[in-house]
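*Asks:* File name work_8.csv; file contents CSV, C-alpha atoms and all ligand atoms; full text below.
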chain,number,residue,atom,x,y,z
A,1,MET,CA,-12.9,-28.3,24.1
A,2,SER,CA,-12.7,-24.6,23.4
A,3,VAL,CA,-13.9,-22.8,20.3
A,4,VAL,CA,-11.2,-20.7,18.7
A,5,ILE,CA,-12.3,-17.4,17.2
A,6,GLY,CA,-10.0,-15.8,14.5
A,7,GLU,CA,-9.9,-12.0,14.7
A,8,ILE,CA,-8.5,-10.1,11.7
A,9,SER,CA,-5.9,-7.6,13.0
A,10,TYR,CA,-7.1,-4.7,10.9
A,11,THR,CA,-9.4,-1.9,11.8
A,12,ASN,CA,-11.9,-2.8,9.1
A,13,ILE,CA,-13.1,-5.8,11.1
A,14,LEU,CA,-13.6,-3.9,14.3
A,15,PRO,CA,-17.4,-3.2,13.9
A,16,PHE,CA,-17.9,-6.9,14.5
A,17,PHE,CA,-15.5,-7.1,17.5
A,18,TYR,CA,-15.7,-3.8,19.2
A,19,HIS,CA,-18.8,-4.5,21.3
A,20,LEU,CA,-18.3,-8.2,21.9
A,21,ASP,CA,-18.7,-9.3,25.5
A,22,ARG,CA,-15.3,-11.0,25.5
A,23,ASP,CA,-15.6,-12.1,29.1
A,24,ALA,CA,-19.0,-13.8,28.4
A,25,LEU,CA,-17.4,-15.6,25.4
A,26,LYS,CA,-14.4,-16.6,27.4
A,27,LYS,CA,-16.6,-18.0,30.1
A,28,ARG,CA,-18.2,-20.2,27.4
A,29,ASN,CA,-14.8,-21.5,26.6
A,30,CYS,CA,-14.0,-19.3,23.5
A,31,GLN,CA,-10.5,-18.1,22.8
A,32,PHE,CA,-9.4,-15.3,20.4
A,33,ILE,CA,-6.5,-15.4,18.0
A,34,PRO,CA,-5.7,-12.0,16.3
A,35,GLN,CA,-3.8,-12.3,13.0
A,36,VAL,CA,-3.5,-11.0,9.5
A,37,PRO,CA,-6.0,-12.6,7.1
A,38,ALA,CA,-3.6,-14.9,5.3
A,39,GLN,CA,-2.5,-16.4,8.6
A,40,LEU,CA,-6.1,-16.8,9.8
A,41,ASN,CA,-7.0,-18.5,6.4
A,42,GLN,CA,-4.3,-21.1,6.9
A,43,GLU,CA,-5.3,-21.8,10.5
A,44,MET,CA,-9.0,-22.1,9.7
A,45,ALA,CA,-8.0,-24.6,6.9
A,46,SER,CA,-5.8,-26.6,9.3
A,47,GLY,CA,-8.5,-26.6,12.1
A,48,ARG,CA,-6.6,-24.5,14.6
A,49,ILE,CA,-9.2,-21.8,14.3
A,50,ASP,CA,-12.9,-22.7,14.2
A,51,ILE,CA,-14.8,-19.5,13.4
A,52,GLY,CA,-14.3,-15.9,12.4
A,53,GLY,CA,-13.5,-13.5,9.6
A,54,ILE,CA,-11.3,-14.9,6.8
A,55,SER,CA,-10.5,-13.8,3.2
A,56,SER,CA,-13.3,-14.6,0.8
A,57,PHE,CA,-10.7,-16.3,-1.3
A,58,ALA,CA,-10.0,-18.8,1.5
A,59,TYR,CA,-13.7,-19.7,1.6
A,60,ALA,CA,-13.5,-20.5,-2.2
A,61,GLU,CA,-10.5,-22.8,-1.5
A,62,ASN,CA,-12.3,-24.6,1.3
A,63,ALA,CA,-15.9,-24.4,0.4
A,64,ASN,CA,-16.6,-28.0,1.3
A,65,ALA,CA,-15.3,-27.6,4.8
A,66,PHE,CA,-16.7,-24.2,5.8
A,67,THR,CA,-20.1,-22.7,6.3
A,68,LEU,CA,-20.7,-19.0,5.7
A,69,MET,CA,-22.5,-16.8,8.2
A,70,PRO,CA,-25.3,-14.5,6.8
A,71,ASN,CA,-25.4,-10.7,7.3
A,72,LEU,CA,-21.6,-10.4,8.1
A,73,SER,CA,-18.9,-9.4,5.6
A,74,VAL,CA,-16.3,-6.7,4.7
A,75,THR,CA,-17.6,-5.5,1.3
A,76,SER,CA,-17.1,-2.4,-0.8
A,77,TYR,CA,-19.3,-0.9,-3.4
A,78,GLY,CA,-16.5,0.9,-5.3
A,79,ALA,CA,-13.6,2.4,-3.5
A,80,VAL,CA,-12.7,0.6,-0.3
A,81,GLY,CA,-10.0,3.0,1.0
A,82,SER,CA,-7.6,0.4,2.3
A,83,ILE,CA,-6.6,-1.8,-0.7
A,84,TYR,CA,-4.2,-0.1,-3.0
A,85,LEU,CA,-1.8,-0.9,-5.8
A,86,PHE,CA,1.0,1.7,-5.4
A,87,SER,CA,2.8,2.0,-8.7
A,88,LYS,CA,5.8,4.0,-10.1
A,89,VAL,CA,4.1,4.0,-13.6
A,90,PRO,CA,0.5,4.2,-14.7
A,91,LEU,CA,-1.3,0.8,-14.4
A,92,GLN,CA,-1.5,0.3,-18.1
A,93,GLU,CA,2.3,0.5,-18.4
A,94,LEU,CA,2.9,-2.4,-16.0
A,95,ASP,CA,3.1,-5.0,-18.8
A,96,GLY,CA,6.2,-7.2,-18.4
A,97,LYS,CA,7.0,-5.5,-15.0
A,98,LYS,CA,7.4,-6.7,-11.5
A,99,VAL,CA,4.8,-6.4,-8.8
A,100,ALA,CA,5.2,-7.2,-5.1
A,101,LEU,CA,2.2,-8.6,-3.2
A,102,THR,CA,1.5,-8.4,0.5
A,103,LEU,CA,1.9,-11.7,2.3
A,104,SER,CA,-1.1,-10.7,4.5
A,105,SER,CA,-3.8,-11.0,1.9
A,106,ALA,CA,-5.5,-13.7,-0.2
A,107,SER,CA,-8.6,-12.0,-1.7
A,108,SER,CA,-7.0,-8.8,-2.8
A,109,VAL,CA,-3.9,-10.6,-4.2
A,110,HIS,CA,-6.2,-12.5,-6.5
A,111,LEU,CA,-8.4,-9.5,-7.2
A,112,LEU,CA,-5.3,-7.7,-8.4
A,113,LYS,CA,-4.3,-10.6,-10.7
A,114,ILE,CA,-7.9,-10.5,-12.1
A,115,ILE,CA,-7.6,-6.8,-12.7
A,116,LEU,CA,-4.1,-6.8,-14.3
A,117,GLU,CA,-4.4,-10.0,-16.3
A,118,HIS,CA,-8.1,-10.4,-17.1
A,119,PHE,CA,-9.3,-6.8,-17.3
A,120,TYR,CA,-6.2,-5.1,-18.6
A,121,SER,CA,-4.5,-8.2,-20.4
A,122,LEU,CA,-1.1,-7.4,-18.8
A,123,SER,CA,1.6,-10.0,-18.2
A,124,ILE,CA,3.2,-9.5,-14.8
A,125,SER,CA,5.8,-11.2,-12.6
A,126,TYR,CA,4.8,-11.3,-8.9
A,127,THR,CA,6.7,-11.7,-5.7
A,128,MET,CA,5.0,-12.2,-2.3
A,129,MET,CA,6.6,-10.0,0.3
A,130,LYS,CA,6.2,-8.7,3.9
A,131,PRO,CA,4.0,-5.5,3.7
A,132,ASP,CA,6.6,-2.8,3.7
A,133,ILE,CA,6.3,-0.3,0.9
A,134,GLY,CA,9.9,0.9,1.0
A,135,THR,CA,11.3,-2.6,0.7
A,136,MET,CA,8.7,-3.8,-1.8
A,137,LEU,CA,9.4,-0.9,-4.2
A,138,LEU,CA,13.2,-1.3,-4.0
A,139,GLU,CA,13.2,-3.9,-6.8
A,140,HIS,CA,9.6,-3.8,-8.0
A,141,ASP,CA,7.6,-1.4,-10.1
A,142,ALA,CA,4.5,-1.6,-8.0
A,143,CYS,CA,3.2,-3.2,-4.8
A,144,LEU,CA,-0.1,-4.2,-3.3
A,145,LEU,CA,-0.9,-3.4,0.3
A,146,ILE,CA,-4.1,-4.0,2.3
A,147,GLY,CA,-5.7,-3.0,5.6
A,148,ASP,CA,-3.9,-0.6,7.9
A,149,ASP,CA,-0.6,-1.0,6.1
A,150,ALA,CA,-2.4,0.4,3.0
A,151,ILE,CA,-4.1,3.2,4.9
A,152,VAL,CA,-0.7,4.4,6.4
A,153,ALA,CA,1.1,4.0,3.0
A,154,LYS,CA,-1.6,6.1,1.3
A,155,ARG,CA,-1.3,8.8,3.9
A,156,GLU,CA,2.4,9.0,3.4
A,157,ASN,CA,3.0,8.3,-0.3
A,158,SER,CA,0.0,9.5,-2.3
A,159,ASP,CA,1.9,12.3,-3.9
A,160,SER,CA,4.9,10.4,-5.1
A,161,LEU,CA,3.2,7.2,-6.6
A,162,TYR,CA,0.2,6.3,-8.7
A,163,ASN,CA,-2.3,4.6,-6.5
A,164,TYR,CA,-5.3,2.5,-7.5
A,165,ASP,CA,-8.1,1.4,-5.3
A,166,LEU,CA,-8.9,-2.2,-6.2
A,167,GLY,CA,-12.6,-1.9,-5.1
A,168,ASP,CA,-13.0,1.0,-7.5
A,169,ILE,CA,-11.7,-0.9,-10.5
A,170,TRP,CA,-13.7,-4.0,-9.7
A,171,TYR,CA,-16.9,-1.9,-9.5
A,172,ASP,CA,-16.1,0.0,-12.7
A,173,GLN,CA,-15.6,-3.2,-14.6
A,174,THR,CA,-18.4,-5.4,-13.2
A,175,GLY,CA,-20.9,-3.0,-11.6
A,176,LEU,CA,-20.8,-5.4,-8.6
A,177,PRO,CA,-19.7,-5.1,-5.0
A,178,MET,CA,-16.5,-6.9,-3.9
A,179,THR,CA,-16.6,-8.9,-0.7
A,180,PHE,CA,-13.0,-9.1,0.8
A,181,ALA,CA,-13.8,-10.9,4.1
A,182,VAL,CA,-16.5,-13.3,5.0
A,183,PHE,CA,-17.4,-14.9,8.3
A,184,ALA,CA,-17.1,-18.6,8.2
A,185,VAL,CA,-17.2,-21.6,10.6
A,186,ARG,CA,-15.7,-25.0,10.2
A,187,ASN,CA,-18.4,-27.6,9.4
A,188,GLU,CA,-17.4,-29.9,12.4
A,189,THR,CA,-17.5,-26.9,14.8
A,190,LEU,CA,-21.0,-26.0,13.6
A,191,ARG,CA,-22.1,-29.6,14.0
A,192,ASP,CA,-20.5,-30.2,17.4
A,193,HIS,CA,-21.2,-26.8,19.0
A,194,THR,CA,-24.3,-25.5,17.2
A,195,SER,CA,-25.7,-23.5,20.1
A,196,LEU,CA,-22.3,-21.9,21.0
A,197,VAL,CA,-21.8,-21.0,17.3
A,198,GLY,CA,-25.3,-19.4,17.4
A,199,TYR,CA,-24.2,-17.4,20.4
A,200,ILE,CA,-21.0,-16.3,18.8
A,201,TYR,CA,-22.9,-15.4,15.6
A,202,ARG,CA,-25.4,-13.3,17.5
A,203,SER,CA,-22.6,-11.6,19.3
A,204,PHE,CA,-20.9,-10.6,16.0
A,205,LEU,CA,-24.3,-9.4,14.6
A,206,GLU,CA,-25.1,-7.4,17.7
A,207,SER,CA,-21.7,-5.7,17.8
A,208,LYS,CA,-22.1,-4.8,14.1
A,209,LEU,CA,-25.6,-3.4,14.6
A,210,ARG,CA,-24.5,-1.4,17.6
A,211,SER,CA,-21.5,0.0,15.8
A,212,GLU,CA,-23.7,1.0,12.9
A,213,SER,CA,-26.3,2.6,15.1
A,214,GLU,CA,-23.6,4.7,16.9
A,215,ASN,CA,-22.1,5.7,13.5
A,216,TYR,CA,-19.0,3.9,14.7
A,217,GLN,CA,-18.2,6.8,17.1
A,218,PRO,CA,-16.7,5.3,20.3
A,219,MET,CA,-14.8,2.8,18.1
A,220,ILE,CA,-13.4,5.6,15.9
A,221,ALA,CA,-12.3,7.6,18.9
A,222,ASP,CA,-10.3,4.6,20.1
A,223,ILE,CA,-8.9,4.0,16.6
A,224,VAL,CA,-7.6,7.6,16.3
A,225,LYS,CA,-5.7,7.1,19.6
A,226,THR,CA,-4.2,3.8,18.5
A,227,TYR,CA,-3.6,4.2,14.7
A,228,GLY,CA,-3.6,8.0,14.2
A,229,GLY,CA,-5.3,9.6,11.2
A,230,ASN,CA,-8.1,12.1,11.8
A,231,LYS,CA,-11.7,11.4,12.8
A,232,SER,CA,-13.1,12.5,9.4
A,233,PHE,CA,-10.9,10.0,7.5
A,234,TRP,CA,-12.2,7.1,9.7
A,235,ASP,CA,-15.8,8.4,9.6
A,236,LYS,CA,-15.7,8.2,5.8
A,237,TYR,CA,-13.9,4.9,5.8
A,238,PHE,CA,-16.4,3.1,7.9
A,239,LEU,CA,-19.5,4.8,6.3
A,240,LYS,CA,-18.3,3.6,2.9
A,241,LEU,CA,-17.6,0.0,3.9
A,242,CYS,CA,-20.6,-2.4,3.8
A,243,ASN,CA,-20.8,-5.0,6.5
A,244,ASP,CA,-23.8,-6.9,5.2
A,245,PHE,CA,-23.9,-10.2,3.3
A,246,GLY,CA,-27.2,-10.2,1.5
A,247,PRO,CA,-28.2,-11.1,-2.0
A,248,GLN,CA,-26.3,-8.3,-3.8
A,249,GLU,CA,-23.1,-8.9,-1.9
A,250,GLN,CA,-23.5,-12.6,-2.5
A,251,ARG,CA,-24.0,-11.9,-6.2
A,252,GLY,CA,-20.7,-10.0,-6.3
A,253,LEU,CA,-18.9,-12.7,-4.5
A,254,SER,CA,-20.2,-15.5,-6.7
A,255,TYR,CA,-19.0,-13.5,-9.8
A,256,PHE,CA,-15.5,-13.1,-8.2
A,257,PHE,CA,-15.5,-16.9,-7.6
A,258,GLU,CA,-16.6,-17.5,-11.2
A,259,VAL,CA,-13.7,-15.4,-12.6
A,260,LEU,CA,-11.2,-17.1,-10.1
A,261,TYR,CA,-12.3,-20.5,-11.5
A,262,LYS,CA,-12.0,-19.3,-15.1
A,263,MET,CA,-8.5,-18.1,-14.4
A,264,ASN,CA,-7.6,-21.4,-12.7
A,265,TYR,CA,-7.0,-19.8,-9.3
A,266,ILE,CA,-9.4,-22.3,-7.6
A,267,ALA,CA,-9.7,-25.9,-8.5
A,268,GLU,CA,-13.5,-26.4,-8.2
A,269,PRO,CA,-16.2,-24.0,-9.3
A,270,ILE,CA,-18.4,-22.7,-6.5
A,271,LYS,CA,-21.9,-23.5,-7.6
A,272,THR,CA,-23.6,-22.2,-4.5
A,273,LEU,CA,-22.5,-20.4,-1.4
A,274,ASN,CA,-23.1,-22.6,1.6
A,275,ILE,CA,-24.7,-20.1,4.0
A,276,TRP,CA,-26.0,-21.1,7.4
A,277,ASN,CA,-29.7,-20.9,7.7
A,278,THR,CA,-29.8,-19.2,11.0
A,279,ASP,CA,-33.6,-18.7,10.9
A,280,VAL,CA,-34.0,-22.4,11.3
A,281,THR,CA,-31.1,-23.3,13.5
A,282,ILE,CA,-31.0,-20.4,16.1
A,283,LYS,CA,-33.8,-20.3,18.6
A,301,LIG,C1,-11.0,-4.2,3.3
A,301,LIG,C2,-10.0,-5.0,3.6
A,301,LIG,O1,-10.3,-6.3,3.5
A,301,LIG,C3,-9.4,-7.3,3.9
A,301,LIG,C4,-8.8,-8.0,2.8
A,301,LIG,C5,-8.5,-9.3,2.8
A,301,LIG,C6,-7.7,-10.0,1.8
A,301,LIG,O2,-7.3,-9.3,0.8
A,301,LIG,O3,-7.5,-11.2,1.8
A,301,LIG,C7,-9.0,-10.1,3.9
A,301,LIG,C8,-9.8,-9.6,4.9
A,301,LIG,C9,-10.3,-8.2,4.9
A,301,LIG,O4,-10.2,-7.7,6.2
A,301,LIG,C10,-8.7,-4.5,3.9
A,301,LIG,O5,-7.9,-5.2,4.7
A,301,LIG,O6,-8.3,-3.4,3.6
What would the structure in this file look like if it were written as structure tokens?
*Replies:*
Amino acid sequence: MSVVIGEISYTNILPFFYHLDRDALKKRNCQFIPQVPAQLNQEMASGRIDIGGISSFAYAENANAFTLMPNLSVTSYGAVGSIYLFSKVPLQELDGKKVALTLSSASSVHLLKIILEHFYSLSISYTMMKPDIGTMLLEHDACLLIGDDAIVAKRENSDSLYNYDLGDIWYDQTGLPMTFAVFAVRNETLRDHTSLVGYIYRSFLESKLRSESENYQPMIADIVKTYGGNKSFWDKYFLKLCNDFGPQEQRGLSYFFEVLYKMNYIAEPIKTLNIWNTDVTIK
């Protein structure tokens, strides 16, 4: 039986994937499925995908079925640079208005609801839509985009619309980092394929450490060719993102989960984050 690895199809996950030895992983019977986060979340929940990066919100919804991997996440301390609310009016004036939300996201969609309803006490009507800023804004006053969709939209629309970086607002309001993506494994996969999961985990960690030690340079050169933008934009983007998942990132995530529970967006409170103790398991 193969182990299926979910691969978020956004540049922000690349530090964990860029230096993977995919042939070695395929020889060990691993397969890769690239998808936007919301799709990966569903497929992890249904068991079609076994391991990989998912929305942190999806962990909160499936905390009994998933185990988190230490040291790996997509987190921001303040501005993230790829998660924006684009609005025709200032944020405070959105009360009673219509906001379109990208179908690709789960964490940022809920973070936006926390910001608008909990931090700013606004009442909003939401529609989930495909991530296309033109269509989204035809009949809505604002829209949320994430990942490369948001990066391109910001490049092209920053003069004509108000834009708000959700990582920035979260940090201003809480003083905490925001973890958008975590790395998780299904509990049965961890139980049945412990040593292979250990190998995959080490591969992600090594790719991340190598990307960081190279200041993301070969990776950024490839990104510029594929996605455009200039090198200095991508340099800043990756230097600002935090790819760790230590005590402070976990504190921020636990607070996000606490607010989600208070606002009834998750059914059960998350009392502890179930993080794999790799020191004990991996030899
Ligand atoms: C930083 C980002 O984080 C992403 C946001 C996610 C979400 O909102 O559910 C999920 C995974 C992350 O890759 C981004 O895509 O811009």
*Asks:* Show me which residues line ligand LIG 301 (chain A), defined as having an atom within 10 Å of a ligand atom where only C-alpha atoms and all ligand atoms count, and present them as an NGL selection string.
*Replies:* :A and (7-14 or 36-41 or 53-58 or 73-76 or 79-84 or 102-112 or 144-151 or 166-167 or 178-183 or 237 or 241-242)
*Asks:* Counting all atoms listed in the file, figure out which residue out of A:Asn29, A:Gln248, A:Thr272, A:Gln92 gets nearest to Ile5 (chain A).
*Replies:* A:Asn29
*Asks:* May I have the residues within 12 Å of Ser158 (chain A) as a VMD selection string, using all atoms listed in the file and disregarding those fewer than 5 positions away in the same chain?
*Replies:* chain A and resid 84 to 88 150 to 153 163 to 165
*Asks:* Measuring atom to atom with all atoms listed in the file, identify which of A:Arg48, A:Lys208, A:Lys271, A:Lys262 is nearest to Asp244 (chain A).
*Replies:*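 For Asp244 (chain A), the nearest of the candidates is A:Lys208.
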*Asks:* Using only C-alpha atoms, can you tell me which of A:Pro34, A:Gly6, A:Pro15, A:Pro90 comes closest to Tyr216 (chain A)?
*Replies:*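 With only C-alpha atoms as the atom set, the closest residue is A:Pro15.
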*Asks:* Mind checking which residues fall within 12 Å of region 190-200 of chain A, counting all atoms listed in the file, ignoring those fewer than 5 positions away in the same chain, and posting them as a PyMOL selection string?
*Replies:* chain A and resi 1-6+16-17+20-22+24-32+50-52+65-70+183-185+205-207+275-283
